[in-house]
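Okay, structure first, notes after.
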Amino acid sequence: MNNKVDISGLLPRVDKPARYLGGEANASRKDPAGAAVRVALCFPDLYEIAESHLGLKVLYAALNARPDVACERVYAPWPDMGDLMQREGVPLFSLETRTPAREFDLLGFTLQYELCLPTVLHMLSLAGIPLRAAERGPSDPLVVAGGPLCMNPEPLWEVLDGAFLGEGEEAILEMAEVAGRTRGQSREARWEALASIPGMYVPARFQVTHGPDGRVAALRPVAGQAPEVRRRVVPDLARAAYPTSFIVPHLQVVHDRVAVEIQRGCTQGCRFCQAGFIYRPTRQRPPDQVVALAEAAVRSTGMEEWGVLSLSAGDYACLAPVLAGVDGRFPSRRLGTSLPSLRTETLTRELADLAGRVRKSGFTLAPEAATDRMRAVISKNNLEADLLAAVDHAVAAGYEQVKLYFMIGLPTETDEDVRAIVGLSESIAERARRVNRRVSVTCSVSTFVPKPGTPFQWAAQLDEETTRRRQAILREGFRKSRVSLKWHDVGMSLVEGILARGDRRLSAVLMDLHARGARFDGWSEHFRLPAWREALAVAGLHEAEYLRERAVGETLPWAHLLSGVLDKYLKREWARAQAGLPTQDCVSTTCHGCGACDFKGVNLDTYRRGAGGGLSSVRVTGPAGHPANRGRFPEAATPSLGGPPVERPPAPACPPADVTVQVLRVRYTKSGPCVYLSHLETMAALLRSLNRAGLPVAYSGGFHPKAKVGLSPACPTGVTSRAEFIDVELKERVATEAAWERLSPQLPAGMEVMEVREVGPKTPSVQASLKGLVFRAGLGGLAQSRAEGWAREALASWERGERSTVTRRREGEPDKEVEVRAGVRDVALEEAGGLRFTIVTTRPGQPRPAEVVRAVLGLDEREAGGVPLEKVDALF
Ligand code: SF4
């Protein structure tokens with residue numbers, strides 16, 4: 001069964017309809033009828049956030065690589081769309097085939113942050129799927145989740161059929177197999193099958209009892225269920241599936257670039273950092289593989305920027321050669337490079353230079369704490385001198401925006417530690433401005449939230465009053481400063497903290513919140529602290545109970561979920577934190593016995609650059625290669641990596657502009673989903689298509705180069721067109737037929753090349769050459785409800801001059817009278833039931849095509865809104 005959801009009536013009424021179109025370049029085009037199992041990867045947030053998430057892309061590629069599986073994407077609709085869907089009974093749907101979400105066999109949610117939980121319930125409700133797993137029937141999909149929140153998914157225990165602990169690129173195939181094999185069986189049978197997948201926690205197979213104080217007293221598995229679930233790790237990153245044909249989003253997303261994961265896990269051991277503990281052990285991808293993956297991904301997407309992904313990218317010793325190597329693969333393209341925030345002691349001038357060669361954006365550094373004492377408590381092993389040196393490197397490399405991240409509320413923090421954030425930020429700003437007076441410094445301060453699976457899982461979280469008082473210290477400190485201060489919403493941090501270490505009792509709170517309409521709580525405009533507090537009160541729960549320090553012997557709600565790091569190690573680290581003792585990174589010093597490495601099955605190779613510039617790896621394979629010996633292996637004894645040498649190309653100080661040798665004018669169509677792309681979105685889609693086609697587009701010079709292209713005037717959203725144009729300047733000559741052939745297959749569905757011709761280099765741009773645009777309005781829909789000849793009469797009245805203006809209404813702006821008559825000519829009715837007219841483009845204040853239809857035919861805005869419009873020609 002595949003009942004396609006029709007959203008054509010909703011798209012013209014929502015903000016950014018491109019969020020719901022699907023059909024992007026590299027999106028799956030599988031026919032679901034040919035698949036044995038259908039999986040929907042669900043992200044409980046907006047398209048722009050979801051499309052920035054790498055994990056989802058990895059799973060999407062792994063599933064669609066299987067011929068018998070069809071995997072699609074389902075994202076949360078923004079409230080304007082969600083409200084319309086609810087009002088008009090349109091169910092939650094997938095982007096690829098607009099299939100209702102409830103028709104999939106498996107829904108896999110990614111849970112990245114606590115405040116997305118109400119959106120999970122909202123999505124299930126929109127899909128028409130029972131919120132409680134126990135109430136789902138044999139035809140309902142299995143609902144599972146993955147992501148860091150699964151280290152403690154207890155607040156969602158009633159909702160999830162399963163929560164997967166760990167890295168899912170292998171396990172997702174096992175989940176799909178179970179979903180297909182157990183289709184139609186009872187929930188209990190499906191739960192049992194799910195629970196057989198290593199790493200899968202099935203909440204219904206555990207009973208939790210609470211003591212008289214409300215705290216967890218016991219966690220008991222049902223008969224046949226193992227008492228603990230252990231997080232699953234991909235043993236060898238070099239062999240793990242990794243996508244290169246990334247979906248090219250229709251609109252600008254948060255991380256609008258190709259990302260290559262260079263390393264997984266981090267052993268720095270910052271005690272507040274959940275990722276640093278639950279993603280252990282550190283595994284690295286070979287440098288030549290990173291370069292090859294990045295090259296393939298940039299070519300297959302046409303994206304303008306790429307970046308490495310890692311928790312602590314500076315620990316990847318081959319980072320600089322990798323950046324240089326990728327740069328060297330695209331000598332004629334202006335490929336930008338993005339670095340994640342680096343530990344200060346790992347930022348070198350070489351890295352700053354390499355990352356800032358093209359599209360230099362802000363530089364982010366995360367000291368987290370401003371005093372040596374506080375840094376020892378959190379085990380952030382950098383020094384103030386490292387931080388200042390890092391700022392020097394960034395500013396010397398030409399960066400003019402420096403972003404600093406700090407936290408307040410860390411264990412043992414005093415007001416003095418908070419004031420020190422002001423002092424340190426000021427020193428950084430002063431130092432940076434001595435070199436470049438234009439440097440701006442932003443200091444972002446979040447409130448520490450203790451997370452499960454870390455040494456700070458026992459720590460207290462700041463209450464509202466103390467948080468506000470400490471934020472006031474910062475505001476006062478920065479009052480006369482040129483450093484900009486940003487801080488995290490107090491209420492959001494409180495709720496994050498409640499959910500992060502929450503227990504099963506919070507399920508009632510989430511259900512209540514859902515009934516109150518909660519969704520998108522991670523967005524300040526939709527977050528309502530009073531609603532959370534009311535829901536907690538209704539459930540008889542107190543926020544102080546969730547924010548309090550936990551006793552080390554207490555049964556924590558997630559005690560049966562094991563990350564791989566030993567409980568005794570976390571306790572030891574918690575004790576060392578309270579004593580103000582840092583713990584050094586185990587890769588560069590010695591193994592501290594955290595328990596994450598088995599020294600057998602997991603590939604723990606780390607890579608480094610040798611003195612001669614070649615690459616080598618150090619392998620830790622067993623007792624003889626115990627991590628205590630890391631760094632002591634002579635390089636001559638290590639294997640040399642294959643692949644082409646990775647060398648840094650010479651860096652020009654400021655890239656010059658390309659010389660244009662040819663200008664091509666391309667005429668193309670816009671139809672289907674593409675009619676909902678805005679002007680900017682259309683421009684981005686075309687640029688990436690030109691890149692994928694490998695056409696040698698010329699760029700302007702400087703650190704923020706722009707492609708030398710020019711588009712015809714914006715086509716109104718929702719209007720199909722046979723007359724769109726783009727002028728493309730090339731730095732090498734290409735025959736027009738060859739350009740046509742190369743570009744055509746790269747355009748997104750709904751865009752088609754109609755003509756490619758060469759124009760002289762002195763020809764005015766397409767915008768400047770244009771005299772008029774010819775439109776056709778289809779009147780078939782209106783004719784059904786009107787007397788014969790109505791259009792002729794309306795046109796006659798227009799010709800008699802009875803109407804010449806319409807009122808333009810825009811939300812938040814005063815109404816405006818628009819003169820239509822002076823801006824339109826050649827108005828005529830067609831025999832086929834259409835109205836044809838030309839909008840003159842050489843005078844200012846042109847009317848819009850829908851306004852012409854209103855004025856000529858005497859229609860109101862709503863009536864004209866239902867008239868299909870097509871741009872049929874352009875007059876030069
Ligand atoms: S087991 Fe040892 S080497 Fe492995 S992550 Fe833990 S401390 Fe580091």
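Ordered as shown in the structure tokens, chains take letters A, B, and onward, while each chain numbers its residues from 1 and ligands are numbered from 1 in the order shown.
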
TODO: Could you tell me, counting only C-alpha atoms and all ligand atoms, which protein and nucleic acid residues lie no more than 12 Å from ligand 1, written as an MDAnalysis selection string?
DONE: chainID A and resid 264:269 276:283 563:566 569:570 573 583:600 602:606 619:623 625:630

TODO: Extract, using only C-alpha atoms, all DNA, RNA and protein residues at most 12 Å from segment 516-520 of chain A, discarding same-chain residues fewer than 3 positions from it, and format them as number ranges by chain.
DONE: A: 43-46, 49, 75-79, 82-83, 86, 113-126, 492, 509-513, 523-532, 534-535

Name all residues at most 12 Å from Val552 of chain A (count only C-alpha atoms; drop same-chain ones fewer than 5 positions away) and give them as a compact mmCIF listing (two decimals) with N, CA, C and O atoms, in the first residue's frame.
# COMPACT_ATOMS: atom_id res chain seq x y z
N PRO A 455 31.57 11.36 34.50
CA PRO A 455 31.90 11.45 35.93
C PRO A 455 31.04 12.49 36.65
O PRO A 455 30.90 12.43 37.87
N PHE A 456 30.46 13.41 35.93
CA PHE A 456 29.61 14.43 36.55
C PHE A 456 28.14 14.03 36.61
O PHE A 456 27.28 14.85 36.87
N GLN A 457 27.85 12.75 36.32
CA GLN A 457 26.44 12.33 36.38
C GLN A 457 25.88 12.40 37.79
O GLN A 457 24.67 12.39 38.00
N TRP A 458 26.78 12.48 38.76
CA TRP A 458 26.32 12.58 40.16
C TRP A 458 26.22 14.05 40.64
O TRP A 458 25.76 14.30 41.73
N ALA A 459 26.72 14.98 39.81
CA ALA A 459 26.83 16.38 40.26
C ALA A 459 25.48 17.08 40.33
O ALA A 459 24.51 16.69 39.66
N ALA A 559 21.12 2.79 35.23
CA ALA A 559 22.17 1.90 35.73
C ALA A 559 22.30 0.62 34.90
O ALA A 559 23.36 -0.02 34.88
N ASP A 567 31.82 1.76 35.64
CA ASP A 567 31.23 2.58 36.69
C ASP A 567 32.28 3.00 37.71
O ASP A 567 32.33 4.14 38.16
N LYS A 568 33.19 2.07 38.02
CA LYS A 568 34.21 2.39 39.04
C LYS A 568 35.16 3.48 38.52
O LYS A 568 35.68 4.28 39.27
N LEU A 570 34.24 5.93 36.42
CA LEU A 570 33.49 7.20 36.53
C LEU A 570 33.53 7.71 37.97
O LEU A 570 33.69 8.91 38.21
N LYS A 571 33.38 6.79 38.90
CA LYS A 571 33.40 7.19 40.32
C LYS A 571 34.76 7.77 40.69
O LYS A 571 34.87 8.75 41.43
N ARG A 572 35.81 7.10 40.17
CA ARG A 572 37.16 7.57 40.49
C ARG A 572 37.37 8.98 39.92
O ARG A 572 37.91 9.86 40.58
N GLU A 573 36.89 9.18 38.72
CA GLU A 573 37.03 10.50 38.09
C GLU A 573 36.21 11.56 38.84
O GLU A 573 36.61 12.71 38.94
N TRP A 574 35.04 11.17 39.34
CA TRP A 574 34.20 12.11 40.12
C TRP A 574 34.95 12.51 41.40
O TRP A 574 34.98 13.68 41.77
N ALA A 575 35.60 11.54 42.02
CA ALA A 575 36.36 11.85 43.24
C ALA A 575 37.55 12.75 42.91
O ALA A 575 37.85 13.70 43.64

Open item on the list: One decimal, in Å: what's the spacing between atom CA of Arg504 of chain A and atom CA of Pro155 of chain A?
Closed with: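 The value is 5.0 Å.
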
- [ ] List every residue of segment 38-148 of chain A that DSSP, applied to the backbone of this structure, assigns to helix (DSSP H, G or I), and report them as a ChimeraX atom specification.
- [x] /A:47-50,54-64,79-88,101-103,114-127,133-135,148

Task: For atom CA of Ala35 of chain A and atom CA of Gly108 of chain A, the interatomic separation in Å (one decimal) - done: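 Distance reported for this atom pair: 17.3 Å.
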
Task: Close residues, segment 184-199 of chain A itself excluded, 6 Å, only C-alpha atoms, min 5 positions apart in chain, as number ranges by chain - done: A: 138-139, 164-165, 229-232

Counting only C-alpha atoms, what is within 9 Å of segment 854-857 of chain A, bar same-chain residues fewer than 6 positions away, as an mmCIF file with N, CA, C and O atoms, in the first residue's frame?
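Saved to around08.cif:
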data_model
loop_
_atom_site.group_PDB
_atom_site.id
_atom_site.type_symbol
_atom_site.label_atom_id
_atom_site.label_comp_id
_atom_site.auth_asym_id
_atom_site.auth_seq_id
_atom_site.Cartn_x
_atom_site.Cartn_y
_atom_site.Cartn_z
ATOM 1 N N TRP A 790 -17.606 35.078 -18.835
ATOM 2 C CA TRP A 790 -17.219 35.984 -17.735
ATOM 3 C C TRP A 790 -15.851 36.604 -17.958
ATOM 4 O O TRP A 790 -15.638 37.782 -17.678
ATOM 5 N N ALA A 791 -14.915 35.797 -18.489
ATOM 6 C CA ALA A 791 -13.564 36.308 -18.664
ATOM 7 C C ALA A 791 -13.528 37.387 -19.739
ATOM 8 O O ALA A 791 -12.844 38.401 -19.601
ATOM 9 N N ARG A 792 -14.320 37.173 -20.827
ATOM 10 C CA ARG A 792 -14.378 38.193 -21.890
ATOM 11 C C ARG A 792 -14.908 39.515 -21.339
ATOM 12 O O ARG A 792 -14.398 40.591 -21.615
ATOM 13 N N GLU A 793 -15.977 39.407 -20.520
ATOM 14 C CA GLU A 793 -16.568 40.630 -19.943
ATOM 15 C C GLU A 793 -15.576 41.320 -19.011
ATOM 16 O O GLU A 793 -15.446 42.547 -18.994
ATOM 17 N N ALA A 794 -14.879 40.513 -18.211
ATOM 18 C CA ALA A 794 -13.912 41.104 -17.285
ATOM 19 C C ALA A 794 -12.799 41.814 -18.052
ATOM 20 O O ALA A 794 -12.389 42.931 -17.702
ATOM 21 N N LEU A 795 -12.351 41.191 -19.141
ATOM 22 C CA LEU A 795 -11.279 41.800 -19.934
ATOM 23 C C LEU A 795 -11.769 43.105 -20.590
ATOM 24 O O LEU A 795 -11.043 44.113 -20.630
ATOM 25 N N SER A 797 -13.999 45.080 -19.412
ATOM 26 C CA SER A 797 -14.057 46.124 -18.384
ATOM 27 C C SER A 797 -12.658 46.663 -18.083
ATOM 28 O O SER A 797 -12.464 47.854 -17.853
ATOM 29 N N TRP A 798 -11.661 45.763 -18.089
ATOM 30 C CA TRP A 798 -10.260 46.200 -17.915
ATOM 31 C C TRP A 798 -9.851 47.132 -19.057
ATOM 32 O O TRP A 798 -9.249 48.185 -18.840
ATOM 33 N N GLU A 799 -10.263 46.763 -20.259
ATOM 34 C CA GLU A 799 -9.878 47.585 -21.424
ATOM 35 C C GLU A 799 -10.575 48.938 -21.411
ATOM 36 O O GLU A 799 -10.060 49.915 -21.952
ATOM 37 N N ARG A 803 -10.529 49.354 -14.068
ATOM 38 C CA ARG A 803 -9.649 48.966 -12.936
ATOM 39 C C ARG A 803 -8.213 49.179 -13.376
ATOM 40 O O ARG A 803 -7.880 48.903 -14.530
ATOM 41 N N SER A 804 -7.394 49.655 -12.479
ATOM 42 C CA SER A 804 -5.968 49.708 -12.843
ATOM 43 C C SER A 804 -5.044 49.453 -11.644
ATOM 44 O O SER A 804 -3.843 49.321 -11.813
ATOM 45 N N THR A 805 -5.594 49.388 -10.442
ATOM 46 C CA THR A 805 -4.727 49.128 -9.280
ATOM 47 C C THR A 805 -5.267 47.960 -8.465
ATOM 48 O O THR A 805 -6.439 47.597 -8.572
ATOM 49 N N VAL A 806 -4.386 47.366 -7.648
ATOM 50 C CA VAL A 806 -4.809 46.375 -6.640
ATOM 51 C C VAL A 806 -4.091 46.720 -5.331
ATOM 52 O O VAL A 806 -3.081 47.434 -5.337
ATOM 53 N N VAL A 820 -1.124 48.672 -11.734
ATOM 54 C CA VAL A 820 -0.894 47.506 -12.580
ATOM 55 C C VAL A 820 -0.850 47.898 -14.062
ATOM 56 O O VAL A 820 0.023 47.468 -14.822
ATOM 57 N N ARG A 821 -1.781 48.748 -14.452
ATOM 58 C CA ARG A 821 -1.989 49.027 -15.878
ATOM 59 C C ARG A 821 -0.705 49.474 -16.580
ATOM 60 O O ARG A 821 -0.387 48.999 -17.671
ATOM 61 N N VAL A 827 -2.349 42.208 -23.187
ATOM 62 C CA VAL A 827 -3.252 41.323 -22.419
ATOM 63 C C VAL A 827 -4.258 40.718 -23.391
ATOM 64 O O VAL A 827 -4.903 41.441 -24.158
ATOM 65 N N GLU A 863 -9.221 34.302 -4.764
ATOM 66 C CA GLU A 863 -9.571 33.713 -6.075
ATOM 67 C C GLU A 863 -8.337 33.674 -6.986
ATOM 68 O O GLU A 863 -8.067 32.666 -7.635
ATOM 69 N N ALA A 864 -7.614 34.778 -6.986
ATOM 70 C CA ALA A 864 -6.430 34.837 -7.862
ATOM 71 C C ALA A 864 -5.361 33.854 -7.408
ATOM 72 O O ALA A 864 -4.604 33.305 -8.218
#

- [ ] Could you jot down the atom CA of Val872 of chain A to atom CA of Leu773 of chain A separation for me, Å, one decimal place?
- [x] 7.9 Å

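For segment 127-136 of chain A, the non-local neighbours within 8 Å, defined as residues at least 5 positions apart in the same chain or in other chains and counting only C-alpha atoms, are Pro91, Leu92, Phe93, Pro100, Ala101, Arg102, Leu121, Val143, Glu158, Val159, Leu160, Asp161 and Arg187 of chain A.
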
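Nearest-residue note for Lys706 of chain A: choosing from A:Val774, A:Leu424, A:Leu335, A:Val483, the minimum distance belongs to A:Leu335, counting only C-alpha atoms.
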
Task: For Leu95 of chain A, the nearest of the candidates A:Asp80, A:Asp288, A:Glu177, A:Asp6, counting only C-alpha atoms - done: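 Using only C-alpha atoms, Leu95 of chain A sits closest to A:Asp6.
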
Which residues are near Ala238 of chain A? Cut-off 6 Å, only C-alpha atoms, ignore same chain within fewer than 2 positions. Put them as a compact mmCIF listing (two decimals) with N, CA and C atoms, in the first residue's frame.
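Everything below was put into part_24.txt:
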# COMPACT_ATOMS: atom_id res chain seq x y z
N ASP A 236 35.88 -0.98 13.34
CA ASP A 236 36.93 -0.47 12.46
C ASP A 236 36.34 0.64 11.60
N ALA A 240 34.01 0.84 7.97
CA ALA A 240 32.59 1.16 8.14
C ALA A 240 32.07 1.90 6.91
N ARG A 285 40.14 7.36 11.10
CA ARG A 285 40.05 6.97 9.70
C ARG A 285 41.39 7.28 9.04

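Considering only C-alpha atoms, the residue among A:Val308, A:Lys16, A:Val260, A:Leu323 positioned nearest to Asp353 of chain A is A:Leu323.
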
TODO: Between A:Ala685, A:Thr412, A:Ala390, A:Thr442, single out the one closest to Gly362 of chain A, counting only C-alpha atoms.
DONE: A:Thr442

TODO: Could you please write out, as a PyMOL selection string, every residue of segment 40-181 of chain A that DSSP assigns to strand (DSSP E or B)?
DONE: chain A and resi 40-43+69-75+93+100+106-110+142-146+162-164+166

Atoms kept (C-alpha atoms) for selection, written as a short mmCIF file (atom, residue, chain, number, x, y, z; two decimals), in the first residue's frame:
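What landed in selection32.cif:
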data_model
loop_
_atom_site.label_atom_id
_atom_site.label_comp_id
_atom_site.auth_asym_id
_atom_site.auth_seq_id
_atom_site.Cartn_x
_atom_site.Cartn_y
_atom_site.Cartn_z
CA ALA A 40 11.74 6.01 7.80
CA LEU A 41 14.57 7.88 9.47
CA CYS A 42 12.89 10.50 11.62
CA PHE A 43 14.42 13.67 12.98
CA VAL A 69 15.29 -1.97 1.81
CA ALA A 70 13.80 1.43 0.97
CA CYS A 71 14.77 4.15 3.40
CA GLU A 72 13.18 7.60 3.40
CA ARG A 73 13.26 10.71 5.61
CA VAL A 74 10.56 12.11 7.87
CA TYR A 75 11.18 15.45 9.57
CA PHE A 93 4.73 12.02 5.47
CA PRO A 100 2.32 8.43 5.43
CA LEU A 106 10.30 0.89 11.13
CA LEU A 107 10.55 4.48 12.33
CA GLY A 108 14.04 5.35 13.58
CA PHE A 109 14.23 8.58 15.56
CA THR A 110 17.51 10.39 16.18
CA LEU A 142 8.22 -0.37 15.26
CA VAL A 143 9.36 2.92 16.80
CA VAL A 144 13.01 2.93 17.84
CA ALA A 145 15.50 5.64 18.68
CA GLY A 146 19.23 6.16 18.59
CA GLY A 162 13.42 0.14 21.45
CA ALA A 163 16.31 2.49 22.19
CA PHE A 164 19.59 1.60 20.57
CA GLY A 166 25.76 2.97 20.32
#

Task: Closest of A:Gln471, A:Thr555, A:Gln662, A:Gln225 to Val208 of chain A - atom-to-atom distances counting only C-alpha atoms - done: A:Thr555
